[in-house]
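Asker: This is the structure, below, for whatever I ask next.
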Amino acid sequence: MRQGPLDLARVEGVLLDMDGTLVDSDGTVERAWSAWAREYGLDVETVLTAAHGHPAVRVVRSLLPGLGEEAAKAAAQRQYELEYADASDVTAAAGARDLLAALDRMGLAWAVVTTSDDRLAKQRLHAAGIDPPVLVTLDDVGAAKPDPEGYLRAAALLDIAPSACLVVEDSPPGLAAGRAAGMPTAALRGLDGDLRLPGLGRLAHLLERSRVRPWWRDAVGYQVYLPSFADADGDGWGDLAGVCSHLDHLTRLGVEVLWLTPFFRSPMRDHGYDVADYHAVDPSFGGEAALDELLTQAHRRGMRVIGDLVVNHTSDAHPWFTAAASSRTDPHREHYIWRDPAPDGGPPNNWLSHFGGPAWTFSPATGQYYLHLFRPEQPDLNWRDPALAAEIDTVLEYWFERGLDGFRIDTAAYLVKDADLRDNPSLPAGQVLPARGVTMDWRRQDHRHDIHQPDVHAVHERWRRIADRHGAFLVGEVYELDPHALARFVEDERLHSSFWFGLVETGWDAERIAAMLEAATTASSRLSWVQGNHDRSRAVTRFGGGEPGRRRSLALHVLMALLPGTFWLFQGEELGLGDGHVPAERTVDPLGAAEPGESRDVVRTPMPWRPGPGLGFTTGRPWLPDGGRGEPDTVAVQADDPASHLNTLSRLLATRRRLAHLLAATDDVSRIALDAPVVAYRRGGLWAVANLRDTPVADVELPAAAVFDTDDPAVGLDRPRAGRVRLAPYQALVLAAR
């Protein structure tokens, strides 16, 4: 069994290093050691490298081994005197106040443990405005870091078992001291601890999230379409090592749940959605070791990872199907749906494949047809077979024990079919379903019998019992646009959540979108909110393309950010990407081959990471072209622009994180009428306000101070804006009550 994420809910006390962790004093420390190095005729860089995380006397002994004991103590004292004389730029570290406020809200004890002496520690903490309840300095212990004595002493003073204390450090000696004390560790500066932190604000959020049950509530999810995210080995095909190499991008963005599209062994006729072995990682994605490393590194960042469970069908290369197709009496025969031909020798009924033509293919070896709602190479499983249900139970158990934190359930409402396989009625002449991602012939049927059968809920309830034993998360792909009908899939002990695709299946219609959102907010507090995925045109394109499309999508993200449930991004959405361009000769999507206007290749083009050949996705020839992306579309270029789509969305999610305790207080969301034609929602002490119109809205009286503004990077929790404002087209704000 692999280790899952560090269970922060078990933490009862937080033990913080001072310099470089809780207090930003790097400038002072470096100036003092640099001056000391020059006084003693030593290389400054060598001294600075040796000094980090160690007490002064130990550094002196390592650098000047010829000094006697008293001379070494005098040299160390000289270094302290240089530090005593300079506290000019000592401040609290970034995120320190958020962390201490969160600890106070949670009632968690904390202490500071430092290799500085008492005088220097108190001077620095006072300058930073920090007054710890417990302070352990060099004067309190016989041995400093990496000896564990200081951390053990702090735990004893707090009366907390060492195993329930979390050590937060920015140096290898400090992390070694925490580990030696038997304590979990959180590391800054890219060092490896049980947690790897980009800053203290992230720790504050993770600690508070750990007190929220279930863990997916109000989390930020991110979909990785594996073939197109990042290629680590240069073969032009995305892989798990590529994902691992970009985890820090996702952490900075604020991602808490990572959804990986299928990584199981597959012949890739449908790019992984045709599974040949549910217990193996496909070599093209890097194999078993690559997944293990990704899980380890994601969990160290406090990130959960879910897979993609494709069990409506398998590949025809799956051993179950090859055995089932060999004989009518094979034990695996009932795992699939087989029927004799109709009296005319044709298919057993009129059901259609999503990808065109009948949903039945004749198997000459046994003289029967088998069902496939997708490609002929993707035979449907028979969920009325108890043996099949038991097999899939073992798949869930295996991956949860392996370290996955849950699954997105592919075609979650398709699994069970009408027991009598009755024909679907045709829709009246001229009427078609509004669904996309299917052929026009499929849209002309009323799909009463092939999908969305009520018996499917029993399957979901069965999985829920397994998932709950492992603390795992199940989110369904249920193409039910009526949110109140969708809510039935997540009520009681069914799926934990399900995607609502209202914003995925619509173009830009401000009034309709506002009405749809209002209906969805009343349906359930357990929905997953999403604007796009690997099967549909990107939101920016559907909402008008270019700058208007980006602004409209961002405004909806602001409204989504307050809704209870789970907030999801599809890869590239953080960059404001629209659909890519794929020449006809480079198309690979089987749906596009059957219905060219429905090709999904345009949303699956490679992720653009940085300028240059391959845009940082690959050093080889990408499996799909880059879509016509340019340098402004890349992560690297947008990261340097404070007003970029990437940084604006990152600011939104950072604001949401810092105020997550206000969201956790209630799931109740209400539409608010302001004295202006804007869309506004309130949840607890937060408001989301958006102008979805094509024209400005003047003189909007804000009911609380704005702490996020899509159009002004300067607005934030530390620089709120109050009073009356003018909102440009598609400008959106987050407001917070003081």
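Residue names in the structure tokens use chain letters A, B, ... in the order shown, residue numbers from 1 in each chain, and ligand numbers from 1 in the order shown.
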Name the residues in contact with Pro611 (chain A) at a cut-off of 12 Å, using only C-alpha atoms, excluding same-chain residues fewer than 6 positions from it; report them as a PDB file with all heavy atoms, in the first residue's frame.

Answerer:
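Saved the output as result_26.pdb:
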ATOM      1  N   PHE A 617       6.026  21.706 -24.873  1.00  0.00           N
ATOM      2  CA  PHE A 617       5.288  20.456 -24.654  1.00  0.00           C
ATOM      3  C   PHE A 617       6.175  19.253 -24.923  1.00  0.00           C
ATOM      4  O   PHE A 617       6.144  18.257 -24.199  1.00  0.00           O
ATOM      5  CB  PHE A 617       4.046  20.408 -25.547  1.00  0.00           C
ATOM      6  CG  PHE A 617       3.419  19.041 -25.642  1.00  0.00           C
ATOM      7  CD1 PHE A 617       2.741  18.501 -24.555  1.00  0.00           C
ATOM      8  CD2 PHE A 617       3.534  18.275 -26.800  1.00  0.00           C
ATOM      9  CE1 PHE A 617       2.182  17.226 -24.624  1.00  0.00           C
ATOM     10  CE2 PHE A 617       2.980  17.004 -26.876  1.00  0.00           C
ATOM     11  CZ  PHE A 617       2.299  16.481 -25.788  1.00  0.00           C
ATOM     12  N   THR A 618       6.981  19.323 -25.993  1.00  0.00           N
ATOM     13  CA  THR A 618       7.793  18.180 -26.389  1.00  0.00           C
ATOM     14  C   THR A 618       9.030  18.664 -27.135  1.00  0.00           C
ATOM     15  O   THR A 618       9.045  19.772 -27.686  1.00  0.00           O
ATOM     16  CB  THR A 618       6.989  17.223 -27.300  1.00  0.00           C
ATOM     17  OG1 THR A 618       7.776  16.066 -27.602  1.00  0.00           O
ATOM     18  CG2 THR A 618       6.574  17.895 -28.605  1.00  0.00           C
ATOM     19  N   ASP A 626       0.357  22.058 -32.650  1.00  0.00           N
ATOM     20  CA  ASP A 626       0.235  22.956 -31.490  1.00  0.00           C
ATOM     21  C   ASP A 626      -0.996  23.838 -31.525  1.00  0.00           C
ATOM     22  O   ASP A 626      -1.240  24.619 -30.599  1.00  0.00           O
ATOM     23  CB  ASP A 626       1.494  23.800 -31.317  1.00  0.00           C
ATOM     24  CG  ASP A 626       1.748  24.756 -32.486  1.00  0.00           C
ATOM     25  OD1 ASP A 626       0.808  25.067 -33.244  1.00  0.00           O
ATOM     26  OD2 ASP A 626       2.895  25.205 -32.631  1.00  0.00           O
ATOM     27  N   ARG A 629      -0.864  28.040 -31.558  1.00  0.00           N
ATOM     28  CA  ARG A 629      -0.576  28.863 -30.381  1.00  0.00           C
ATOM     29  C   ARG A 629       0.677  29.702 -30.609  1.00  0.00           C
ATOM     30  O   ARG A 629       1.576  29.304 -31.348  1.00  0.00           O
ATOM     31  CB  ARG A 629      -0.358  27.993 -29.142  1.00  0.00           C
ATOM     32  CG  ARG A 629      -1.405  26.927 -28.894  1.00  0.00           C
ATOM     33  CD  ARG A 629      -2.745  27.490 -28.541  1.00  0.00           C
ATOM     34  NE  ARG A 629      -3.695  26.439 -28.182  1.00  0.00           N
ATOM     35  CZ  ARG A 629      -5.001  26.586 -28.205  1.00  0.00           C
ATOM     36  NH1 ARG A 629      -5.534  27.752 -28.563  1.00  0.00           N
ATOM     37  NH2 ARG A 629      -5.792  25.600 -27.866  1.00  0.00           N
ATOM     38  N   GLY A 630       0.739  30.839 -29.931  1.00  0.00           N
ATOM     39  CA  GLY A 630       1.904  31.698 -30.017  1.00  0.00           C
ATOM     40  C   GLY A 630       2.515  31.939 -28.660  1.00  0.00           C
ATOM     41  O   GLY A 630       2.018  31.453 -27.624  1.00  0.00           O
ATOM     42  N   GLU A 631       3.579  32.713 -28.617  1.00  0.00           N
ATOM     43  CA  GLU A 631       4.272  32.986 -27.359  1.00  0.00           C
ATOM     44  C   GLU A 631       3.353  33.577 -26.291  1.00  0.00           C
ATOM     45  O   GLU A 631       3.466  33.203 -25.116  1.00  0.00           O
ATOM     46  CB  GLU A 631       5.472  33.898 -27.614  1.00  0.00           C
ATOM     47  CG  GLU A 631       6.592  33.226 -28.387  1.00  0.00           C
ATOM     48  CD  GLU A 631       7.834  34.099 -28.472  1.00  0.00           C
ATOM     49  OE1 GLU A 631       7.842  35.181 -27.842  1.00  0.00           O
ATOM     50  OE2 GLU A 631       8.789  33.684 -29.146  1.00  0.00           O
ATOM     51  N   PRO A 632       2.427  34.502 -26.637  1.00  0.00           N
ATOM     52  CA  PRO A 632       1.560  35.062 -25.583  1.00  0.00           C
ATOM     53  C   PRO A 632       0.644  34.039 -24.926  1.00  0.00           C
ATOM     54  O   PRO A 632       0.108  34.298 -23.847  1.00  0.00           O
ATOM     55  CB  PRO A 632       0.742  36.128 -26.336  1.00  0.00           C
ATOM     56  CG  PRO A 632       1.553  36.475 -27.537  1.00  0.00           C
ATOM     57  CD  PRO A 632       2.228  35.192 -27.927  1.00  0.00           C
ATOM     58  N   ASP A 633       0.472  32.881 -25.573  1.00  0.00           N
ATOM     59  CA  ASP A 633      -0.383  31.836 -24.999  1.00  0.00           C
ATOM     60  C   ASP A 633       0.344  30.973 -23.980  1.00  0.00           C
ATOM     61  O   ASP A 633      -0.286  30.146 -23.324  1.00  0.00           O
ATOM     62  CB  ASP A 633      -0.915  30.913 -26.112  1.00  0.00           C
ATOM     63  CG  ASP A 633      -1.790  31.633 -27.108  1.00  0.00           C
ATOM     64  OD1 ASP A 633      -2.657  32.408 -26.673  1.00  0.00           O
ATOM     65  OD2 ASP A 633      -1.597  31.430 -28.324  1.00  0.00           O
ATOM     66  N   THR A 634       1.649  31.107 -23.846  1.00  0.00           N
ATOM     67  CA  THR A 634       2.415  30.172 -23.024  1.00  0.00           C
ATOM     68  C   THR A 634       2.404  30.548 -21.545  1.00  0.00           C
ATOM     69  O   THR A 634       2.247  31.718 -21.180  1.00  0.00           O
ATOM     70  CB  THR A 634       3.875  30.096 -23.500  1.00  0.00           C
ATOM     71  OG1 THR A 634       4.490  31.384 -23.331  1.00  0.00           O
ATOM     72  CG2 THR A 634       3.964  29.674 -24.954  1.00  0.00           C
ATOM     73  N   VAL A 635       2.609  29.545 -20.719  1.00  0.00           N
ATOM     74  CA  VAL A 635       2.692  29.759 -19.273  1.00  0.00           C
ATOM     75  C   VAL A 635       3.839  30.708 -18.945  1.00  0.00           C
ATOM     76  O   VAL A 635       3.690  31.635 -18.136  1.00  0.00           O
ATOM     77  CB  VAL A 635       2.882  28.415 -18.542  1.00  0.00           C
ATOM     78  CG1 VAL A 635       3.177  28.637 -17.063  1.00  0.00           C
ATOM     79  CG2 VAL A 635       1.644  27.533 -18.703  1.00  0.00           C
ATOM     80  N   ALA A 636       4.989  30.500 -19.560  1.00  0.00           N
ATOM     81  CA  ALA A 636       6.175  31.295 -19.219  1.00  0.00           C
ATOM     82  C   ALA A 636       5.959  32.777 -19.489  1.00  0.00           C
ATOM     83  O   ALA A 636       6.326  33.629 -18.668  1.00  0.00           O
ATOM     84  CB  ALA A 636       7.382  30.787 -20.001  1.00  0.00           C
ATOM     85  N   VAL A 637       5.370  33.107 -20.628  1.00  0.00           N
ATOM     86  CA  VAL A 637       5.163  34.516 -20.966  1.00  0.00           C
ATOM     87  C   VAL A 637       4.075  35.123 -20.082  1.00  0.00           C
ATOM     88  O   VAL A 637       4.222  36.238 -19.568  1.00  0.00           O
ATOM     89  CB  VAL A 637       4.827  34.660 -22.462  1.00  0.00           C
ATOM     90  CG1 VAL A 637       4.369  36.082 -22.776  1.00  0.00           C
ATOM     91  CG2 VAL A 637       6.048  34.305 -23.306  1.00  0.00           C
ATOM     92  N   GLN A 638       2.987  34.414 -19.884  1.00  0.00           N
ATOM     93  CA  GLN A 638       1.904  34.959 -19.055  1.00  0.00           C
ATOM     94  C   GLN A 638       2.321  35.098 -17.593  1.00  0.00           C
ATOM     95  O   GLN A 638       1.834  35.984 -16.891  1.00  0.00           O
ATOM     96  CB  GLN A 638       0.652  34.091 -19.179  1.00  0.00           C
ATOM     97  CG  GLN A 638      -0.006  34.176 -20.539  1.00  0.00           C
ATOM     98  CD  GLN A 638      -1.462  33.748 -20.509  1.00  0.00           C
ATOM     99  OE1 GLN A 638      -2.132  33.807 -19.478  1.00  0.00           O
ATOM    100  NE2 GLN A 638      -1.967  33.313 -21.652  1.00  0.00           N
TER     101      GLN A 638
END

Asker: Need to verify the contact set: Leu108 (chain A), 9 Å, only C-alpha atoms, exclusion of same-chain residues closer than 2 positions in sequence. Can you return it as a PyMOL selection string?

Answerer: chain A and resi 11-14+102-106+110

Asker: Can you check which residues of region 179-300 of chain A DSSP gives as strand (DSSP E or B) on the backbone and send them as a PyMOL selection string?

Answerer: chain A and resi 185-187+195-196+220-224+257-260+264-265+277-281

Asker: For region 433-446 of chain A, list every protein, DNA or RNA residue within 6 Å, evaluated using only C-alpha atoms, and leave out those in the same chain fewer than 2 positions away; present the list as a PyMOL selection string.

Answerer: chain A and resi 354+356+424-427+448+595+598

Asker: Residues within 12 Å of Leu486 (chain A), please, as an MDAnalysis selection string. Count only C-alpha atoms; anything in the same chain fewer than 6 positions from it doesn't count.

Answerer: chainID A and resid 412:413 452 457 476:480 494:495 497:502 519:520 522:528

Asker: Can you build me a table of region 213-236 of chain A residues sitting at most 12 Å from region 302-326 of chain A, with the closest atom pair per residue and its distance in Å to one decimal, using only C-alpha atoms, sorted by chain and residue number, as a Markdown table?

Answerer:
| residue | atom | partner | partner_atom | distance |
| --- | --- | --- | --- | --- |
| A:Trp215 | CA | A:Arg304 | CA | 9.5 |
| A:Trp216 | CA | A:Arg304 | CA | 9.1 |
| A:Ala219 | CA | A:Arg304 | CA | 10.0 |
| A:Val220 | CA | A:Met303 | CA | 10.0 |
| A:Gly221 | CA | A:Arg304 | CA | 9.1 |
| A:Tyr222 | CA | A:Val305 | CA | 9.7 |
| A:Gln223 | CA | A:Ile306 | CA | 9.6 |
| A:Val224 | CA | A:Gly307 | CA | 10.1 |
| A:Tyr225 | CA | A:Asp308 | CA | 10.5 |
| A:Leu226 | CA | A:Gly307 | CA | 10.9 |
